[in-house]
Structures are given as structure tokens and as C-alpha cells.
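Participant: Sharing coords_17.txt here; it has compact mmCIF, C-alpha atoms and all ligand atoms.
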# COMPACT_ATOMS: atom_id res chain seq x y z
CA MET A 187 153.89 -10.59 -34.63
CA THR A 188 150.75 -12.67 -34.37
CA ARG A 189 150.95 -16.24 -33.13
CA VAL A 190 147.49 -17.25 -34.30
CA ALA A 191 147.47 -20.73 -35.89
CA ALA A 192 147.77 -20.67 -39.66
CA ARG A 193 144.27 -22.09 -40.20
CA LEU A 194 142.67 -19.13 -38.42
CA GLN A 195 144.97 -16.33 -39.53
CA PRO A 196 142.90 -15.41 -42.60
CA PHE A 197 139.87 -14.57 -40.47
CA GLY A 198 141.07 -11.86 -38.04
CA THR A 199 138.54 -10.36 -35.60
CA THR A 200 134.87 -10.85 -36.52
CA ILE A 201 133.09 -7.94 -38.17
CA PHE A 202 130.48 -8.04 -35.37
CA THR A 203 133.06 -7.39 -32.66
CA GLU A 204 134.67 -4.68 -34.75
CA MET A 205 131.50 -2.78 -35.66
CA THR A 206 129.95 -2.98 -32.18
CA ALA A 207 133.15 -1.56 -30.67
CA LEU A 208 133.12 1.27 -33.23
CA ALA A 209 129.40 1.92 -32.61
CA ASN A 210 130.02 2.14 -28.84
CA LYS A 211 132.98 4.47 -29.32
CA HIS A 212 130.89 6.91 -31.35
CA GLY A 213 127.62 6.51 -29.42
CA ALA A 214 125.98 5.21 -32.61
CA VAL A 215 122.64 3.40 -32.78
CA ASN A 216 123.82 -0.19 -33.29
CA LEU A 217 122.04 -1.71 -36.29
CA ALA A 218 125.24 -3.69 -36.95
CA GLN A 219 125.53 -6.77 -34.70
CA GLY A 220 122.25 -8.66 -34.66
CA PHE A 221 121.06 -8.67 -31.05
CA PRO A 222 117.84 -7.28 -29.55
CA ASP A 223 118.03 -4.26 -27.22
CA PHE A 224 115.47 -5.80 -24.84
CA ASP A 225 115.16 -8.85 -22.59
CA GLY A 226 113.79 -12.21 -23.55
CA PRO A 227 110.48 -13.53 -22.14
CA GLU A 228 109.83 -13.33 -18.37
CA ALA A 229 108.82 -17.01 -18.28
CA ALA A 230 112.27 -18.03 -19.54
CA LYS A 231 114.02 -15.83 -16.98
CA ALA A 232 111.83 -17.10 -14.13
CA ALA A 233 112.50 -20.74 -15.01
CA ALA A 234 116.27 -20.16 -15.22
CA LYS A 235 116.25 -18.33 -11.85
CA SER A 236 114.33 -21.11 -10.14
CA ALA A 237 116.74 -23.66 -11.57
CA ILE A 238 119.61 -21.73 -9.96
CA ASP A 239 117.71 -21.53 -6.67
CA ALA A 240 116.94 -25.25 -6.86
CA GLY A 241 120.69 -25.96 -6.97
CA GLU A 242 121.02 -26.88 -10.64
CA ALA A 243 124.67 -25.98 -10.47
CA GLN A 244 126.57 -29.00 -11.79
CA TYR A 245 127.33 -30.33 -15.25
CA ALA A 246 124.32 -31.12 -17.35
CA ARG A 247 124.12 -34.40 -19.23
CA MET A 248 126.54 -34.18 -22.16
CA SER A 249 123.74 -34.36 -24.74
CA GLY A 250 121.49 -31.93 -22.84
CA VAL A 251 119.11 -31.61 -19.88
CA PRO A 252 116.44 -34.24 -20.71
CA LYS A 253 113.51 -31.85 -20.57
CA LEU A 254 115.20 -29.47 -23.01
CA ASN A 255 115.88 -32.35 -25.42
CA GLN A 256 112.18 -33.22 -25.10
CA ALA A 257 111.05 -29.64 -25.69
CA VAL A 258 113.29 -29.27 -28.78
CA ALA A 259 112.18 -32.63 -30.22
CA GLY A 260 108.50 -31.83 -29.57
CA ALA A 261 108.64 -28.38 -31.19
CA PHE A 262 110.46 -29.71 -34.27
CA SER A 263 108.06 -32.64 -34.68
CA ARG A 264 104.99 -30.42 -34.32
CA ARG A 265 106.25 -27.97 -36.95
CA THR A 266 107.56 -30.49 -39.49
CA GLY A 267 105.61 -33.67 -38.80
CA VAL A 268 108.93 -35.56 -38.58
CA PRO A 269 109.18 -37.82 -35.51
CA VAL A 270 112.25 -36.99 -33.41
CA ASP A 271 113.62 -38.99 -30.48
CA PRO A 272 114.74 -36.52 -27.77
CA ASP A 273 117.65 -38.63 -26.54
CA ALA A 274 118.82 -40.33 -29.73
CA HIS A 275 118.46 -37.37 -32.13
CA VAL A 276 118.92 -34.13 -30.15
CA THR A 277 122.19 -32.69 -28.81
CA ILE A 278 122.14 -29.43 -26.83
CA THR A 279 125.10 -27.12 -27.50
CA SER A 280 126.42 -23.73 -26.41
CA GLY A 281 124.50 -21.78 -29.02
CA CYS A 282 124.12 -22.67 -32.66
CA THR A 283 127.69 -21.47 -33.22
CA GLU A 284 129.00 -24.40 -31.17
CA ALA A 285 126.62 -26.75 -32.97
CA ILE A 286 128.08 -25.58 -36.30
CA ALA A 287 131.64 -26.19 -35.06
CA ALA A 288 130.75 -29.61 -33.59
CA THR A 289 129.03 -30.65 -36.82
CA PHE A 290 132.01 -29.68 -38.98
CA LEU A 291 134.63 -31.15 -36.64
CA GLY A 292 132.62 -34.30 -36.01
CA LEU A 293 131.44 -35.10 -39.54
CA ILE A 294 133.83 -33.55 -42.08
CA ASN A 295 137.21 -35.04 -42.97
CA PRO A 296 140.29 -33.09 -44.06
CA GLY A 297 140.24 -32.82 -47.86
CA ASP A 298 136.43 -33.02 -48.09
CA GLU A 299 134.59 -30.29 -49.95
CA VAL A 300 131.73 -28.37 -48.37
CA ILE A 301 129.33 -26.20 -50.38
CA LEU A 302 128.39 -22.83 -48.90
CA PHE A 303 126.00 -20.25 -50.28
CA GLU A 304 127.52 -16.79 -50.30
CA PRO A 305 127.06 -14.33 -48.75
CA PHE A 306 127.68 -16.68 -45.80
CA TYR A 307 127.60 -16.21 -42.03
CA ASP A 308 131.26 -15.83 -41.09
CA SER A 309 131.59 -18.84 -38.78
CA TYR A 310 130.85 -21.35 -41.60
CA ARG A 311 133.94 -20.40 -43.55
CA ALA A 312 136.11 -20.56 -40.40
CA CYS A 313 134.66 -23.95 -39.40
CA VAL A 314 135.38 -25.36 -42.86
CA ALA A 315 138.98 -24.26 -42.32
CA MET A 316 139.13 -25.70 -38.78
CA ALA A 317 137.93 -29.04 -40.17
CA GLY A 318 140.68 -28.94 -42.84
CA ALA A 319 138.07 -29.03 -45.59
CA THR A 320 137.76 -27.00 -48.80
CA PRO A 321 134.81 -24.66 -49.36
CA ARG A 322 132.99 -24.31 -52.68
CA PHE A 323 130.67 -21.40 -53.20
CA VAL A 324 127.29 -20.81 -54.80
CA THR A 325 126.47 -17.11 -54.98
CA LEU A 326 123.05 -15.75 -54.08
CA ARG A 327 122.21 -12.82 -56.33
CA PRO A 328 119.24 -10.44 -56.43
CA GLY A 329 116.50 -11.31 -58.86
CA ILE A 330 117.71 -14.68 -60.19
CA GLY A 331 116.93 -18.35 -59.73
CA VAL A 332 114.07 -20.64 -58.95
CA GLY A 333 112.75 -18.81 -55.93
CA VAL A 334 113.30 -15.13 -55.55
CA GLY A 335 111.50 -12.90 -53.07
CA VAL A 336 107.81 -12.07 -52.96
CA GLY A 337 108.30 -8.93 -55.00
CA GLY A 338 110.72 -10.72 -57.31
CA LYS A 339 113.52 -8.60 -55.93
CA GLY A 340 114.98 -10.93 -53.32
CA PHE A 341 118.06 -13.15 -53.62
CA GLY A 342 118.13 -16.46 -55.49
CA PHE A 343 120.68 -18.81 -57.07
CA ASP A 344 121.35 -20.27 -60.49
CA PRO A 345 120.51 -24.00 -60.41
CA ALA A 346 123.31 -24.73 -62.90
CA GLU A 347 125.84 -23.04 -60.62
CA LEU A 348 124.57 -25.18 -57.74
CA ARG A 349 124.96 -28.39 -59.76
CA ARG A 350 128.49 -27.42 -60.77
CA ALA A 351 129.47 -26.98 -57.11
CA PHE A 352 128.89 -30.69 -56.43
CA THR A 353 131.97 -32.83 -57.17
CA ASP A 354 133.07 -36.34 -56.20
CA LYS A 355 134.73 -34.80 -53.13
CA THR A 356 131.59 -33.07 -51.81
CA ARG A 357 130.81 -34.22 -48.30
CA ALA A 358 128.18 -31.68 -47.27
CA ILE A 359 126.20 -28.59 -48.21
CA LEU A 360 125.29 -25.95 -45.66
CA VAL A 361 121.92 -24.24 -46.05
CA ASN A 362 121.00 -21.30 -43.85
CA THR A 363 117.29 -20.51 -44.09
CA PRO A 364 115.94 -17.95 -43.27
CA HIS A 365 119.22 -16.53 -44.52
CA ASN A 366 121.62 -14.14 -42.81
CA PRO A 367 122.52 -11.57 -44.21
CA THR A 368 120.06 -11.40 -47.14
CA GLY A 369 116.78 -12.06 -45.28
CA LYS A 370 115.97 -14.68 -47.93
CA VAL A 371 113.69 -17.60 -47.02
CA PHE A 372 114.60 -20.55 -49.26
CA THR A 373 111.51 -21.69 -51.15
CA ARG A 374 110.28 -25.27 -51.15
CA ALA A 375 111.27 -25.51 -54.84
CA GLU A 376 114.83 -24.43 -54.06
CA LEU A 377 115.08 -26.86 -51.15
CA GLU A 378 113.72 -29.70 -53.28
CA LEU A 379 116.42 -29.03 -55.84
CA ILE A 380 119.08 -29.13 -53.11
CA ALA A 381 117.56 -32.26 -51.57
CA GLY A 382 117.55 -34.05 -54.94
CA LEU A 383 121.25 -33.37 -55.42
CA CYS A 384 122.04 -34.49 -51.85
CA ARG A 385 120.15 -37.75 -52.32
CA ASP A 386 121.55 -38.50 -55.79
CA LEU A 387 125.14 -37.70 -54.89
CA LYS A 388 125.04 -39.00 -51.29
CA VAL A 389 125.90 -35.65 -49.75
CA LEU A 390 125.09 -34.57 -46.19
CA ALA A 391 123.07 -31.43 -45.49
CA ILE A 392 123.74 -29.11 -42.58
CA THR A 393 121.02 -26.53 -42.01
CA ASP A 394 121.27 -23.43 -39.85
CA GLU A 395 117.66 -22.52 -39.01
CA VAL A 396 118.16 -20.09 -36.12
CA TYR A 397 115.68 -17.64 -37.71
CA GLU A 398 113.07 -20.42 -38.18
CA HIS A 399 110.32 -18.42 -36.44
CA LEU A 400 111.25 -15.01 -37.81
CA THR A 401 109.42 -14.98 -41.13
CA TYR A 402 106.93 -12.42 -42.38
CA GLY A 403 104.56 -14.34 -44.61
CA ALA A 404 106.95 -16.76 -46.31
CA GLU A 405 106.81 -20.43 -45.33
CA HIS A 406 109.89 -21.76 -43.51
CA VAL A 407 110.66 -25.30 -44.72
CA SER A 408 113.16 -27.56 -42.96
CA LEU A 409 115.29 -29.53 -45.43
CA ALA A 410 115.12 -32.52 -43.06
CA SER A 411 111.34 -32.70 -43.59
CA LEU A 412 111.67 -33.40 -47.34
CA PRO A 413 111.47 -37.04 -48.48
CA GLY A 414 114.57 -39.07 -47.67
CA MET A 415 116.36 -36.10 -46.09
CA PHE A 416 116.12 -36.69 -42.33
CA ASP A 417 118.70 -39.47 -42.58
CA ARG A 418 121.27 -37.21 -44.19
CA THR A 419 120.62 -33.87 -42.48
CA VAL A 420 121.88 -32.15 -39.34
CA THR A 421 119.34 -29.45 -38.42
CA LEU A 422 120.76 -26.68 -36.23
CA SER A 423 118.93 -23.98 -34.31
CA SER A 424 118.83 -22.13 -30.99
CA VAL A 425 116.72 -20.04 -28.62
CA GLY A 426 118.83 -16.93 -29.31
CA LYS A 427 116.93 -15.40 -32.21
CA SER A 428 113.46 -16.91 -31.70
CA PHE A 429 113.22 -15.77 -28.08
CA SER A 430 115.55 -12.75 -28.06
CA LEU A 431 118.00 -14.58 -25.78
CA THR A 432 121.19 -14.32 -27.86
CA GLY A 433 123.40 -14.15 -24.76
CA TRP A 434 122.12 -17.42 -23.32
CA LYS A 435 123.99 -19.40 -25.95
CA ILE A 436 121.62 -22.38 -25.94
CA GLY A 437 121.49 -24.19 -29.26
CA TRP A 438 121.04 -27.69 -30.62
CA ALA A 439 121.60 -30.20 -33.38
CA ILE A 440 118.87 -32.60 -34.53
CA ALA A 441 120.14 -35.56 -36.57
CA PRO A 442 119.76 -39.32 -37.02
CA PRO A 443 121.95 -41.45 -34.71
CA ALA A 444 124.76 -41.97 -37.26
CA LEU A 445 125.21 -38.19 -37.65
CA THR A 446 124.46 -37.41 -33.99
CA ALA A 447 127.43 -39.65 -33.13
CA GLY A 448 129.74 -37.27 -35.03
CA VAL A 449 128.20 -34.12 -33.50
CA ARG A 450 128.58 -35.56 -29.97
CA ALA A 451 132.10 -36.86 -30.64
CA ALA A 452 133.16 -33.22 -31.11
CA HIS A 453 130.73 -31.57 -28.65
CA GLN A 454 132.01 -33.66 -25.72
CA PHE A 455 135.50 -32.20 -26.22
CA LEU A 456 134.51 -28.67 -27.21
CA THR A 457 132.33 -27.77 -24.23
CA PHE A 458 131.21 -31.18 -22.91
CA ALA A 459 127.92 -29.70 -21.68
CA THR A 460 126.08 -26.39 -21.61
CA ALA A 461 124.96 -24.07 -18.76
CA THR A 462 122.50 -26.17 -16.72
CA PRO A 463 120.11 -23.47 -15.38
CA LEU A 464 119.81 -21.82 -18.77
CA GLN A 465 118.85 -25.17 -20.29
CA HIS A 466 115.99 -25.31 -17.77
CA GLY A 467 114.93 -21.79 -18.75
CA ALA A 468 115.10 -22.67 -22.46
CA ALA A 469 113.07 -25.85 -21.92
CA ALA A 470 110.31 -23.85 -20.19
CA ILE A 471 109.95 -21.26 -22.95
CA ILE A 472 110.15 -23.74 -25.84
CA ALA A 473 107.52 -25.97 -24.24
CA ASN A 474 105.24 -22.99 -23.48
CA PRO A 475 106.12 -20.05 -25.74
CA GLY A 476 102.84 -18.22 -25.07
CA SER A 477 102.71 -15.09 -27.20
CA ALA A 478 106.46 -14.38 -27.05
CA VAL A 479 107.45 -15.35 -30.58
CA ARG A 480 104.31 -13.79 -32.09
CA GLU A 481 105.07 -10.47 -30.39
CA TYR A 482 108.68 -10.43 -31.59
CA VAL A 483 107.58 -11.27 -35.13
CA GLU A 484 105.07 -8.39 -35.11
CA LEU A 485 107.66 -5.93 -33.79
CA PHE A 486 110.29 -7.05 -36.31
CA ARG A 487 107.82 -6.93 -39.20
CA ARG A 488 106.94 -3.35 -38.30
CA ASN A 489 110.63 -2.45 -37.99
CA ARG A 490 111.47 -4.10 -41.32
CA ASP A 491 108.71 -2.20 -43.11
CA VAL A 492 109.49 1.17 -41.55
CA LEU A 493 113.25 0.87 -42.00
CA SER A 494 113.00 -0.46 -45.56
CA SER A 495 110.84 2.41 -46.73
CA ALA A 496 113.00 5.01 -44.97
CA LEU A 497 116.13 3.57 -46.56
CA ARG A 498 114.49 3.50 -50.00
CA GLU A 499 113.55 7.17 -49.64
CA LEU A 500 117.14 7.99 -48.76
CA GLY A 501 118.41 6.35 -51.97
CA PHE A 502 119.33 2.82 -50.86
CA ARG A 503 118.14 -0.01 -53.13
CA VAL A 504 116.61 -2.33 -50.52
CA TYR A 505 116.16 -5.99 -51.44
CA ASP A 506 113.04 -7.85 -50.35
CA ALA A 507 113.63 -9.70 -47.07
CA GLU A 508 111.04 -12.23 -45.97
CA GLY A 509 112.77 -13.48 -42.84
CA THR A 510 115.52 -13.02 -40.21
CA TYR A 511 116.02 -9.55 -38.77
CA PHE A 512 118.29 -8.18 -41.45
CA ILE A 513 117.88 -6.00 -44.50
CA MET A 514 120.41 -5.95 -47.33
CA ALA A 515 120.61 -2.88 -49.49
CA ASP A 516 122.72 -1.53 -52.33
CA HIS A 517 124.33 1.72 -51.19
CA SER A 518 125.91 2.86 -54.48
CA ASP A 519 123.83 6.02 -54.90
CA VAL A 520 124.20 7.03 -51.24
CA SER A 521 127.96 6.42 -51.27
CA SER A 522 128.51 8.52 -54.32
CA ARG A 523 126.58 11.38 -52.69
CA LEU A 524 128.75 11.03 -49.59
CA GLY A 525 131.92 10.77 -51.67
CA VAL A 526 132.96 7.39 -50.24
CA SER A 527 133.70 4.12 -51.98
CA GLY A 528 132.95 0.56 -50.81
CA ASP A 529 130.97 -0.95 -47.96
CA ARG A 530 133.57 -0.37 -45.24
CA ALA A 531 133.95 3.30 -46.07
CA LEU A 532 130.17 3.69 -46.16
CA CYS A 533 129.77 2.03 -42.75
CA THR A 534 132.53 4.17 -41.25
CA ALA A 535 130.84 7.29 -42.62
CA LEU A 536 127.43 6.20 -41.29
CA ILE A 537 128.89 5.72 -37.80
CA GLU A 538 131.11 8.79 -37.64
CA ARG A 539 128.94 11.30 -39.51
CA PHE A 540 125.40 10.06 -38.82
CA GLY A 541 125.62 7.98 -35.61
CA VAL A 542 124.20 4.76 -37.05
CA ALA A 543 126.12 1.48 -37.30
CA ALA A 544 125.58 -1.22 -39.96
CA ILE A 545 127.58 -4.20 -41.23
CA PRO A 546 129.76 -4.10 -44.36
CA PRO A 547 128.88 -7.46 -45.98
CA SER A 548 131.99 -7.96 -48.13
CA VAL A 549 133.42 -10.18 -45.34
CA PHE A 550 130.58 -12.63 -46.08
CA TYR A 551 131.90 -13.23 -49.61
CA GLU A 552 134.88 -15.27 -50.77
CA ASN A 553 135.41 -12.68 -53.48
CA GLN A 554 134.92 -9.61 -51.32
CA GLU A 555 134.26 -7.45 -54.39
CA HIS A 556 130.78 -9.02 -54.57
CA GLY A 557 129.80 -7.33 -51.30
CA ARG A 558 131.34 -3.91 -51.88
CA SER A 559 128.14 -2.21 -52.97
CA LEU A 560 126.03 -3.75 -50.18
CA VAL A 561 125.23 -2.89 -46.56
CA ARG A 562 123.35 -4.90 -43.91
CA PHE A 563 121.07 -3.33 -41.29
CA ALA A 564 119.72 -5.27 -38.26
CA TYR A 565 116.22 -4.29 -37.13
CA CYS A 566 115.83 -6.60 -34.07
CA LYS A 567 115.41 -3.54 -31.85
CA LYS A 568 112.75 -1.62 -29.95
CA ALA A 569 110.55 0.43 -32.29
CA ALA A 570 111.97 3.59 -30.67
CA THR A 571 115.53 2.52 -31.52
CA ILE A 572 114.65 2.05 -35.19
CA ASP A 573 112.84 5.41 -35.20
CA GLU A 574 115.91 7.11 -33.70
CA ALA A 575 118.16 5.53 -36.34
CA ILE A 576 115.83 6.78 -39.07
CA ARG A 577 115.86 10.29 -37.56
CA ARG A 578 119.64 10.29 -37.62
CA LEU A 579 119.85 8.92 -41.15
CA ASP A 580 117.41 11.58 -42.35
CA ARG A 581 120.35 13.99 -42.53
CA LEU A 582 121.50 11.93 -45.51
CA ARG A 583 118.92 13.88 -47.53
CA SER A 584 121.00 17.03 -47.37
CA ALA A 585 124.34 15.19 -47.74
N1 LIG B 601 124.26 -13.53 -35.67
C1 LIG B 601 124.43 -12.13 -35.34
C2 LIG B 601 124.62 -11.31 -36.59
O1 LIG B 601 124.72 -11.83 -37.68
C3 LIG B 601 125.57 -11.87 -34.37
C4 LIG B 601 126.76 -12.69 -34.61
C5 LIG B 601 127.93 -12.44 -33.68
O2 LIG B 601 127.97 -11.46 -32.98
N2 LIG B 601 128.88 -13.30 -33.72
O3 LIG B 601 124.67 -10.10 -36.49
So, in terms of C-alpha cells, how does the structure I just supplied come out?

Facilitator:
Amino acid sequence: MTRVAARLQPFGTTIFTEMTALANKHGAVNLAQGFPDFDGPEAAKAAAKSAIDAGEAQYARMSGVPKLNQAVAGAFSRRTGVPVDPDAHVTITSGCTEAIAATFLGLINPGDEVILFEPFYDSYRACVAMAGATPRFVTLRPGIGVGVGVGGKGFGFDPAELRRAFTDKTRAILVNTPHNPTGKVFTRAELELIAGLCRDLKVLAITDEVYEHLTYGAEHVSLASLPGMFDRTVTLSSVGKSFSLTGWKIGWAIAPPALTAGVRAAHQFLTFATATPLQHGAAAIIANPGSAVREYVELFRRNRDVLSSALRELGFRVYDAEGTYFIMADHSDVSSRLGVSGDRALCTALIERFGVAAIPPSVFYENQEHGRSLVRFAYCKKAATIDEAIRRLDRLRSA
């Protein structure tokens, strides 16, 4: 009998852990869990190694190694034009996942309502539960709303549904852009609509922008850069996705002092501080990224294009994805050819019969039915890995 606390019992083991274990067991190409199959930039590694050699072995400052706070503040200010104070506004955390938890635990009260867009990254729903709050959902659907994808086939939302989600109990709305798992980049028009509601109804915004650099033509807009929004927004990001350093677990929260106080109130008791030498490595690469991000963006763009067209040829309906390193597709036609039903059965079949792993997205929906016909592929891999996956999937033609 499980002894997991009641608030976490509904969540079980994450889909990423489950699918990666299954992929490893069957020797499948892992397009499930989103992590690159190559190292991050040499300059980041060299700076982290010299920090270890220089004896940077003790606790970092609770809010972050000063030069990392400076690098994060500088990069955000340069991109958005919003002035950020490295010490008063930036808190370094153990990955964006810790920043999400610290933000919820430090700023949300039991009984508050928090608006999430679904499909949602799994940790949001769990953090709402850990904070004792109640989630309300706005569903992203293909081809609707104020800002759908370039080809008109991406995901959007119904503005009326968004307005209905705001009640007198709403404390915060979480916006993840570029969006995992749909690959959607929220448009300026969509963000302005959200910002207007936050300002009018005095609601906080929490943004997860870990894919901020991974866009392929679309403009990434930070909600905090819209008029009147810095004072009510906690902007979260990390080095994991931008620099292919997902295992470093270096993330941050940028917020005005009143909100930073809540983030730090929780962060100091969650982890207190984050790996000191890795903060030095992160500071070096953020301050001097060189061509690193540009090269990853080019590789991922190529992978997205090649994988999308291969999947389309095999009968998947692939939705336009302008950012992140994920593709969402409808698998209905493929599943019926394979004689399986639902996203889990499809993913099991892809692993066991074709040697390719993907994520069944129904776990990212409150009403899991909404995700049953969908599948998510991660393309943050070497070109050769994507090509091998396509070769294996090619046998779907004769299935
Ligand atoms: N963010 C990554 C993804 O969506 C991995 C998440 C995880 O492993 N917890 O695939």
C-alpha cells in the first residue's frame, strides 16, 4: 500500500521517467523525454571546471552567485528593455522546476485559484496541489483563437473561455511560452489580452519561459515587458533548454521585490542554494553565449522540419510548432492502421514494434480524453538521431 501523501497521490510517477525507462528497456530512439543527446557548450563546461578547481565548494549565496544574478539580469534587460536589479529582482534556483515550486509555495495561499492553460507541463498541476490551491483550465486547441500558428494550424485559445476562468478567487495565471508540449509561441495579441485581465482583476502572472531562445521565426514576448506587468509577474527560466544543459539544473525567477520575497521565502527552505560551480559555469555562458544558442536553434529547426514532413507522410496530422523542441501531432489515422486505440497504446506500439519513443500527452490534460488522439515528439537531438528515428518509423508505411 502506498504511503504517498494525499496531495501527491493523484500524480504517480512522471510520464518522462516512465517513457525513458521503457525506451531504454527496448533500445528505442528516445524522442520522449526532452533532453539533448549531446553536451552543452565547451565554454560553460570550462568555467564550471575552473570553479571547482578554484575551490568553489561551499554554499552559494541563497539568492545566487552574484555574477550569475548579474548575467541573468543583463540578458533579460537586453532582450526586453526592462531594467532588472540583479540582487533585488533575481533569485537563482535548482532548475526552473524548483523556481515553479518556490513561486507557488511562496506566493499562493490555500484556497486560491490558479489558471493553467492545458495541455500543461505536469509540474504545474502538482505545484498547484502542493500549494493547496485550485486549478482552473483554459484549453489550447488547434486552429482557434486570437493567435494561431504561422500556417493557421497551430494551437490557440478562445478569449471568452479565458475570461470565464478568472473569478474573484483567482490569484495567478501561469503562462508557458514558448509552450510545451504544443510548440506554440504566444503572440503579442494573446499576451496583451492576458495582461489586460491581470491588470484589471489584480491577478499575478507566472511565466515559464525556458524555451525563450528556441523559436523559429516567431517573436518571443515576455509578459513582464508589457505595460504595467513587471510589478505583477514572476518570470521563470533556466540554462537547461537554451544551452542544452538540462542536467545542470540552474534556473531562476525574475520578479519585483514584493514577489521576490515570496519566491525566496520558499526557496530558502526548499534547497537554500544551488550548486556553486555550476552557477559559475552558467554565468560564463549567459554573459558570453558566442554562437551556442544560434547553432542549437539551427539544428533544432532542421530537425523540426525533417521530422514534421516525415510524420506527415506517414499519416500523422502535425500541428505547426514555432518554438520549443516539441512537435504535437494527431495520430488517429496511424493508430487505426496499427489497430491500437489512444495515445498510450500508440506510444507503447511505437516503442515495442518500431523502436521509437514519444510522449502520450493525455497526462497534460485535466480531462485526459482531450489528449487521447495526440502524441508528442521531442527533436532536441543530433541530426543523425532524428534520421535514425525516421528510418525506423518508415516501416509504418507497410503497417
Ligand atoms: N521538460 C522536459 C520534457 O518536457 C523533461 C521534463 C522531465 O524530465 N521532468 O520532456

Participant: Using all atoms listed in the file, tabulate the residues of region 337-405 of chain A lying at most 12 Å from any atom of region 213-235 of chain A, each with its closest atom pair and that distance in Å to one decimal, by chain and increasing residue number, as JSON lines.

Facilitator:
{"residue": "A:Asn366", "atom": "CA", "partner": "A:Gly220", "partner_atom": "CA", "distance": 9.8}
{"residue": "A:Pro367", "atom": "CA", "partner": "A:Gly220", "partner_atom": "CA", "distance": 10.0}
{"residue": "A:Tyr397", "atom": "CA", "partner": "A:Gly220", "partner_atom": "CA", "distance": 11.5}

Participant: For CA of Leu456 (chain A) and CA of Tyr310 (chain A), quote the distance in Å rounded to one decimal.

Facilitator: 16.6 Å

Participant: With all atoms listed in the file as the counted atoms, please give the residues lying no more than 8 Å from region 547-555 of chain A, apart from itself and same-chain residues fewer than 6 positions off, as an MDAnalysis selection string.

Facilitator: chainID A and resid 201 304:308 323 367 529 561:562

Participant: List as a tab-separated table (two decimals) with C-alpha atoms, keeping the file's coordinate frame the protein and nucleic acid residues near Thr421 (chain A), meaning an atom at most 6 Å away when all atoms listed in the file are counted, but skip any in the same chain fewer than 4 places from it.

Facilitator:
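File produced: around-v7.tsv:
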chain	number	residue	atom	x	y	z
A	393	THR	CA	121.02	-26.53	-42.01
A	439	ALA	CA	121.60	-30.20	-33.38
A	440	ILE	CA	118.87	-32.60	-34.53

Participant: Quick one: axis-aligned box around all listed atoms of ligand LIG 601 (chain B), 3 Å on every side, centre and edge lengths in Å to one decimal, written as lines of an AutoDock Vina configuration file.

Facilitator:
center_x = 126.6
center_y = -11.8
center_z = -35.3
size_x = 10.6
size_y = 9.4
size_z = 10.7

Participant: Given the point (112.4, -39.2, -26.9) in the file's coordinates, find the residues that have an atom at most 10 Å from it, counting only C-alpha atoms, and give them as a list in words.

Facilitator: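 The residues near that point, listed by chain and number, are Pro252, Lys253, Asn255, Gln256, Ala257, Ala259, Gly260, Pro269, Val270, Asp271, Pro272, Asp273, Ala274, His275 and Val276 of chain A.
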
Participant: Counting all atoms listed in the file, which of A:Thr266, A:Gln195, A:Glu376, A:Arg327 gets nearest to Ala315 (chain A)?

Facilitator: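 That would be A:Gln195, the residue with the smallest distance to Ala315 (chain A).
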
Participant: Hey, what's within 12 Å of Leu291 (chain A) if we count all atoms listed in the file and toss same-chain stuff fewer than 5 positions away? As an MDAnalysis selection string, please?

Facilitator: chainID A and resid 284:286 296 298 310 312:319 445 447:456

Participant: For Ala585 (chain A), work out the shell of residues within 9 Å, counting all atoms listed in the file and skipping chain neighbours fewer than 4 positions away, then give it as a list in words.

Facilitator: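 Contacts, with the query itself left out: Val520, Arg523, Leu524 and Arg581 of chain A.
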
Participant: Go through A:Arg558, A:Arg503, A:His466, A:Lys211 one by one, measure the shortest atom-to-atom distance of each to Ser527 (chain A) using all atoms listed in the file, and give the residue with the smallest value.

Facilitator: A:Arg558

Participant: Can you measure CA of Arg577 (chain A) to CA of Arg539 (chain A) for me? One decimal in Å is fine.

Facilitator: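 Here the two named atoms are 13.3 Å from each other.
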
Participant: Using all atoms listed in the file for the distances, tell me which of A:Gly403, A:Gly281, A:Gly382, A:Pro463 is nearest to Lys427 (chain A).

Facilitator: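 Nearest candidate to Lys427 (chain A) out of A:Gly403, A:Gly281, A:Gly382, A:Pro463: A:Gly281.
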
Participant: Of the candidates A:Val251, A:Ala444, A:Leu493, A:Ala564, which one gets nearest to ligand LIG 601 (chain B) if we count all atoms listed in the file?

Facilitator: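 Ranking A:Val251, A:Ala444, A:Leu493, A:Ala564 by distance to ligand LIG 601 (chain B), first place goes to A:Ala564.
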
Participant: Go through A:Phe372, A:Phe352, A:Phe202, A:Phe429 one by one, measure the shortest atom-to-atom distance of each to Val389 (chain A) using all atoms listed in the file, and give the residue with the smallest value.

Facilitator: A:Phe352

Participant: Please measure the separation of atom O2 of ligand LIG 601 (chain B) and CA of His556 (chain A), giving the value in Å to one decimal.

Facilitator: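 Computing the Euclidean distance for atom O2 of ligand LIG 601 (chain B) and CA of His556 (chain A) yields 21.9 Å.
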
Participant: Between A:Thr188, A:Ser430, A:Thr289, A:Thr356, which one has atoms that come closest to ligand LIG 601 (chain B), using all atoms listed in the file?

Facilitator: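 Distance minimum relative to ligand LIG 601 (chain B) lands on A:Ser430.
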
Participant: Any idea what's packed within 12 Å of Pro413 (chain A), counting only C-alpha atoms, ignoring anything in its chain fewer than 4 positions away? Could you give it as a PyMOL selection string?

Facilitator: chain A and resi 266-268+377-382+384-385+408-409+417-419
